[in-house]
file my_file01.txt (compact mmCIF, C-alpha atoms)
# COMPACT_ATOMS: atom_id res chain seq x y z
CA MET Z 25 -14.24 -2.83 -19.12
CA ASN Z 26 -16.81 -3.36 -16.38
CA PRO Z 27 -20.01 -1.22 -16.37
CA LEU Z 28 -18.78 0.99 -13.51
CA LEU Z 29 -15.57 1.87 -15.35
CA GLN Z 30 -17.57 2.57 -18.51
CA LYS Z 31 -19.84 4.92 -16.59
CA LEU Z 32 -16.87 6.90 -15.29
CA ALA Z 33 -14.86 6.93 -18.50
CA HIS Z 34 -16.92 9.43 -20.50
CA PRO Z 35 -15.86 13.10 -20.77
CA VAL Z 36 -17.13 15.75 -18.36
CA ARG Z 37 -20.53 17.16 -19.28
CA LYS Z 38 -21.25 20.54 -17.73
CA GLY Z 39 -23.85 20.43 -14.96
CA GLU Z 40 -24.04 16.61 -14.84
CA VAL Z 41 -23.03 14.39 -11.94
CA GLU Z 42 -22.33 10.66 -12.00
CA ASP Z 43 -24.60 9.48 -9.20
CA LEU Z 44 -23.16 6.37 -7.53
CA ARG Z 45 -24.56 7.05 -4.06
CA GLY Z 46 -24.91 3.97 -1.87
CA ALA Z 47 -23.27 1.65 -4.40
CA THR Z 48 -21.56 -1.54 -3.25
CA ILE Z 49 -18.46 -2.17 -5.31
CA ASP Z 50 -17.04 -5.68 -4.97
CA VAL Z 51 -14.51 -5.60 -7.80
CA PRO Z 52 -11.19 -3.73 -7.83
CA LEU Z 53 -11.60 -0.15 -9.07
CA ASP Z 54 -8.55 0.80 -11.14
CA LEU Z 55 -8.79 4.27 -12.66
CA GLU Z 56 -5.11 5.18 -12.56
CA GLY Z 57 -4.53 8.41 -14.46
CA ALA Z 58 -8.16 8.73 -15.53
CA ALA Z 59 -9.96 12.06 -16.06
CA LEU Z 60 -13.18 11.81 -14.06
CA PRO Z 61 -16.36 13.90 -14.17
CA HIS Z 62 -18.34 15.22 -11.22
CA VAL Z 63 -18.84 12.08 -9.14
CA ASP Z 64 -20.97 11.37 -6.08
CA PHE Z 65 -20.00 8.16 -4.27
CA SER Z 66 -21.68 9.23 -0.99
CA GLY Z 67 -22.42 6.21 1.21
CA ALA Z 68 -20.76 3.75 -1.16
CA THR Z 69 -18.94 0.64 0.10
CA PHE Z 70 -15.72 -0.48 -1.57
CA ASN Z 71 -14.91 -4.13 -0.82
CA ALA Z 72 -11.90 -4.39 -3.13
CA ALA Z 73 -8.82 -2.27 -3.74
CA VAL Z 74 -9.31 1.23 -5.12
CA THR Z 75 -6.53 2.63 -7.34
CA LEU Z 76 -6.91 6.26 -8.37
CA HIS Z 77 -3.22 7.13 -8.58
CA GLY Z 78 -2.80 10.19 -10.78
CA ALA Z 79 -6.52 10.50 -11.50
CA VAL Z 80 -7.93 13.97 -12.20
CA PHE Z 81 -11.28 14.75 -10.57
CA GLN Z 82 -12.59 17.53 -12.79
CA GLY Z 83 -15.52 18.66 -10.68
CA LEU Z 84 -16.97 18.38 -7.19
CA THR Z 85 -16.15 15.01 -5.67
CA TRP Z 86 -18.15 13.32 -2.92
CA PHE Z 87 -16.94 10.31 -0.95
CA THR Z 88 -18.99 11.37 2.08
CA GLY Z 89 -19.86 8.48 4.40
CA CYS Z 90 -18.09 5.86 2.29
CA THR Z 91 -16.54 2.70 3.67
CA PHE Z 92 -13.29 1.43 2.19
CA ASN Z 93 -12.79 -2.19 3.26
CA ALA Z 94 -9.64 -2.54 1.14
CA PRO Z 95 -6.62 -0.30 0.48
CA ALA Z 96 -7.39 3.03 -1.19
CA ASP Z 97 -4.73 4.72 -3.32
CA PHE Z 98 -5.33 8.38 -4.22
CA SER Z 99 -1.62 9.19 -4.53
CA ALA Z 100 -0.80 12.02 -6.99
CA ALA Z 101 -4.52 12.51 -7.69
CA ARG Z 102 -5.70 16.03 -8.55
CA PHE Z 103 -9.00 17.34 -7.23
CA LEU Z 104 -9.88 20.46 -9.22
CA SER Z 105 -12.73 21.41 -6.89
CA ASP Z 106 -13.84 20.51 -3.36
CA ALA Z 107 -13.24 16.91 -2.24
CA ARG Z 108 -15.55 15.56 0.45
CA PHE Z 109 -14.34 12.60 2.51
CA ASP Z 110 -16.23 13.56 5.68
CA LYS Z 111 -17.52 10.66 7.81
CA THR Z 112 -15.65 8.21 5.57
CA CYS Z 113 -14.20 5.05 7.12
CA PHE Z 114 -10.89 3.76 5.78
CA ARG Z 115 -10.52 0.26 7.26
CA ARG Z 116 -7.25 -0.44 5.43
CA GLY Z 117 -4.37 1.76 4.36
CA ALA Z 118 -5.26 5.11 2.77
CA THR Z 119 -2.70 6.85 0.55
CA PHE Z 120 -2.99 10.45 -0.62
CA SER Z 121 0.76 11.04 -1.05
CA GLY Z 122 1.44 13.87 -3.50
CA ALA Z 123 -2.25 14.63 -4.08
CA GLU Z 124 -3.40 18.15 -5.02
CA PHE Z 125 -6.61 19.67 -3.69
CA HIS Z 126 -7.60 22.86 -5.53
CA GLY Z 127 -10.64 23.34 -3.30
CA VAL Z 128 -11.39 22.30 0.26
CA ALA Z 129 -10.05 18.89 1.34
CA CYS Z 130 -12.65 17.81 3.88
CA PHE Z 131 -12.00 14.76 6.07
CA ASP Z 132 -14.24 15.84 8.98
CA GLN Z 133 -15.17 12.93 11.30
CA ALA Z 134 -13.37 10.47 9.02
CA GLN Z 135 -11.95 7.30 10.58
CA PHE Z 136 -8.56 5.97 9.50
CA ALA Z 137 -8.25 2.48 11.00
CA ASP Z 138 -4.87 1.75 9.41
CA ALA Z 139 -1.92 3.79 8.15
CA ALA Z 140 -2.82 7.15 6.60
CA PHE Z 141 -0.45 8.86 4.18
CA LEU Z 142 -1.26 12.53 3.62
CA ASP Z 143 2.36 13.42 2.94
CA ARG Z 144 3.51 15.82 0.19
CA VAL Z 145 -0.10 16.92 -0.26
CA THR Z 146 -0.83 20.39 -1.60
CA CYS Z 147 -4.07 22.02 -0.43
CA TYR Z 148 -4.94 25.32 -2.07
CA GLY Z 149 -8.04 25.50 0.10
CA ASN Z 150 -8.47 24.44 3.71
CA LEU Z 151 -7.42 20.99 4.97
CA SER Z 152 -10.19 20.14 7.41
CA LEU Z 153 -9.71 17.30 9.92
CA ASP Z 154 -12.47 18.19 12.37
CA GLN Z 155 -12.90 15.30 14.85
CA THR Z 156 -10.99 13.01 12.51
CA ARG Z 157 -9.55 9.91 14.16
CA PHE Z 158 -6.28 8.31 13.06
CA ALA Z 159 -5.99 4.87 14.69
CA GLY Z 160 -2.80 3.91 12.85
CA ALA Z 161 0.36 5.77 11.96
CA ALA Z 162 -0.28 9.03 10.12
CA SER Z 163 1.97 11.20 7.98
CA LEU Z 164 1.46 14.79 6.85
CA GLN Z 165 5.17 15.22 6.18
CA ASP Z 166 6.14 17.97 3.72
CA SER Z 167 2.52 18.87 2.96
CA GLU Z 168 1.44 22.47 2.25
CA CYS Z 169 -1.88 24.00 3.27
CA PHE Z 170 -2.41 27.41 1.66
CA GLY Z 171 -5.94 27.83 3.03
CA GLY Z 172 -5.29 26.85 6.63
CA LEU Z 173 -5.44 23.69 8.74
CA TRP Z 174 -8.44 22.78 10.90
CA CYS Z 175 -7.73 20.07 13.52
CA ASN Z 176 -10.58 20.63 15.96
CA GLY Z 177 -10.72 17.58 18.25
CA THR Z 178 -8.51 15.55 15.91
CA VAL Z 179 -7.15 12.35 17.48
CA PHE Z 180 -3.82 10.81 16.50
CA THR Z 181 -3.91 7.52 18.39
CA ALA Z 182 -0.50 6.32 17.22
CA ARG Z 183 2.58 8.00 15.72
CA VAL Z 184 2.11 11.13 13.60
CA ASP Z 185 4.80 12.65 11.38
CA LEU Z 186 4.34 16.39 10.81
CA ARG Z 187 7.88 17.25 9.76
CA GLY Z 188 7.98 19.88 7.06
CA LEU Z 189 4.22 20.61 7.20
CA GLU Z 190 3.58 24.24 6.19
CA VAL Z 191 0.36 26.10 6.92
CA HIS Z 192 -0.44 29.46 5.37
CA GLY Z 193 -3.48 30.90 7.09
CA ARG Z 194 -5.28 29.77 10.23
CA THR Z 195 -3.96 26.79 12.20
CA TRP Z 196 -6.66 25.48 14.56
CA LEU Z 197 -5.57 22.74 16.99
CA VAL Z 198 -8.14 23.14 19.78
CA GLY Z 199 -8.83 19.74 21.38
CA ALA Z 200 -6.35 17.86 19.18
CA ARG Z 201 -4.49 15.08 20.95
CA ILE Z 202 -1.80 12.47 20.46
CA GLY Z 203 -2.48 9.08 22.03
CA ASP Z 204 -4.07 9.53 25.45
CA ASP Z 205 -2.62 13.01 25.91
CA ALA Z 206 -5.53 15.43 25.73
CA THR Z 207 -3.70 18.19 27.57
CA GLY Z 208 -2.45 21.43 26.14
CA SER Z 209 1.03 19.93 25.85
CA ALA Z 210 -0.18 17.67 23.02
CA THR Z 211 -1.39 20.58 20.92
CA HIS Z 212 1.83 22.48 21.57
CA ARG Z 213 3.82 19.43 20.46
CA ILE Z 214 1.81 19.36 17.25
CA LEU Z 215 2.25 23.10 16.72
CA ALA Z 216 6.00 22.83 17.30
CA SER Z 217 6.25 20.48 14.30
CA ILE Z 218 4.36 22.83 11.95
CA ARG Z 219 5.72 25.81 10.08
CA SER Z 220 2.79 28.15 10.58
CA TYR Z 221 2.62 31.45 8.68
CA GLY Z 222 -0.68 32.69 10.11
CA TYR Z 223 -2.67 32.84 13.31
CA HIS Z 224 -2.94 29.71 15.39
CA TRP Z 225 -5.24 28.53 18.15
CA VAL Z 226 -4.38 25.74 20.61
call {"tool": "encode", "arguments": {"input": "my_file01.txt", "output": "structure tokens"}}
result
Amino acid sequence: MNPLLQKLAHPVRKGEVEDLRGATIDVPLDLEGAALPHVDFSGATFNAAVTLHGAVFQGLTWFTGCTFNAPADFSAARFLSDARFDKTCFRRGATFSGAEFHGVACFDQAQFADAAFLDRVTCYGNLSLDQTRFAGAASLQDSECFGGLWCNGTVFTARVDLRGLEVHGRTWLVGARIGDDATGSATHRILASIRSYGYHWV
């Protein structure tokens, strides 16, 4: 086991955070199904594939400002507290299919340069995509947001699949656009694909 995996493999210790801020990780990170402590990867660069399928993040999780230069797989992962992916750059495919967020799922100002799979995701807090840019195809199909959806200025440059997306709480789509369409018709097209059970703003 490499030193990074050893550092992340120990049990959660109350009040402690694994501080990996600014790290450059050049080897594949495979923690499939692992139980992880409070981790702070803020500003880290991942140059090889990241596999966290089925991992359980047991505390606050920070990936703020990270750069993923290889595919990142968070499918079926469980985040038991807030998960911060704001200002993160995913240069290759990013997969969160079937993930559970028990706190806020924050992707504010994140950049998805390739396909982004946020399908079948369950968010018990807010799913925040403030000024997030999706350059490739994006899917939020069959996801559920119990704490609302925030898409302020969100840009879907290519195809976006919102079929079956349910939002309980506030749905905010002000300034969201699909492709080059920044008119109100784009936000109404997005809203028409969402099953919204609360107030909405377009």
call {"tool": "atom_distance", "arguments": {"input": "my_file01.txt", "atom1": "atom CA of Z:Thr146", "atom2": "atom CA of Z:Phe125"}}
result
6.2 Å
call {"tool": "residues_around", "arguments": {"input": "my_file01.txt", "residues": "Z:Phe70", "least_positions_apart": "3", "cutoff": "12 Å", "atoms": "only C-alpha atoms", "output": "MDAnalysis selection string"}}
result
chainID Z and resid 44:53 65:67 73:75 87 89:96 112:116
call {"tool": "closest_residue", "arguments": {"input": "my_file01.txt", "among": "Z:Ala118, Z:Val191, Z:Leu55, Z:Val198", "to": "Z:Arg219", "atoms": "all atoms listed in the file"}}
result
Z:Val191
call {"tool": "axis_aligned_box", "arguments": {"input": "my_file01.txt", "around": "stretch 125-141 of chain Z", "padding_each_side": "5 Å", "output": "AutoDock Vina command-line options"}}
result
--center_x -7.8 --center_y 12.5 --center_z 2.9 --size_x 24.7 --size_y 31.6 --size_z 26.8
call {"tool": "closest_residue", "arguments": {"input": "my_file01.txt", "among": "Z:Tyr221, Z:Trp174, Z:Phe141, Z:Phe109", "to": "Z:Thr85", "atoms": "only C-alpha atoms"}}
result
Z:Phe109
call {"tool": "atom_distance", "arguments": {"input": "my_file01.txt", "atom1": "atom CA of Z:His192", "atom2": "atom CA of Z:Gly117"}}
result
28.0 Å
call {"tool": "atom_distance", "arguments": {"input": "my_file01.txt", "atom1": "atom CA of Z:Ala200", "atom2": "atom CA of Z:Cys147"}}
result
20.2 Å
call {"tool": "closest_residue", "arguments": {"input": "my_file01.txt", "among": "Z:Leu164, Z:Ala159, Z:Val226, Z:Leu189", "to": "Z:Asp204", "atoms": "all atoms listed in the file"}}
result
Z:Ala159
call {"tool": "closest_residue", "arguments": {"input": "my_file01.txt", "among": "Z:Asp138, Z:Asp64, Z:Glu56, Z:Glu190", "to": "Z:Arg102", "atoms": "all atoms listed in the file"}}
result
Z:Glu56
call {"tool": "closest_residue", "arguments": {"input": "my_file01.txt", "among": "Z:Thr69, Z:Ser220, Z:Thr181, Z:Ser163", "to": "Z:Trp196", "atoms": "all atoms listed in the file"}}
result
Z:Ser220
call {"tool": "closest_residue", "arguments": {"input": "my_file01.txt", "among": "Z:Glu124, Z:Asp132, Z:Arg187, Z:Arg157", "to": "Z:Cys169", "atoms": "only C-alpha atoms"}}
result
Z:Glu124
call {"tool": "residues_near_point", "arguments": {"input": "my_file01.txt", "point": "(-0.2, 11.9, 2.5)", "cutoff": "8 Å", "atoms": "all atoms listed in the file", "output": "PyMOL selection string"}}
result
chain Z and resi 99+119-123+140-145+163-165+167
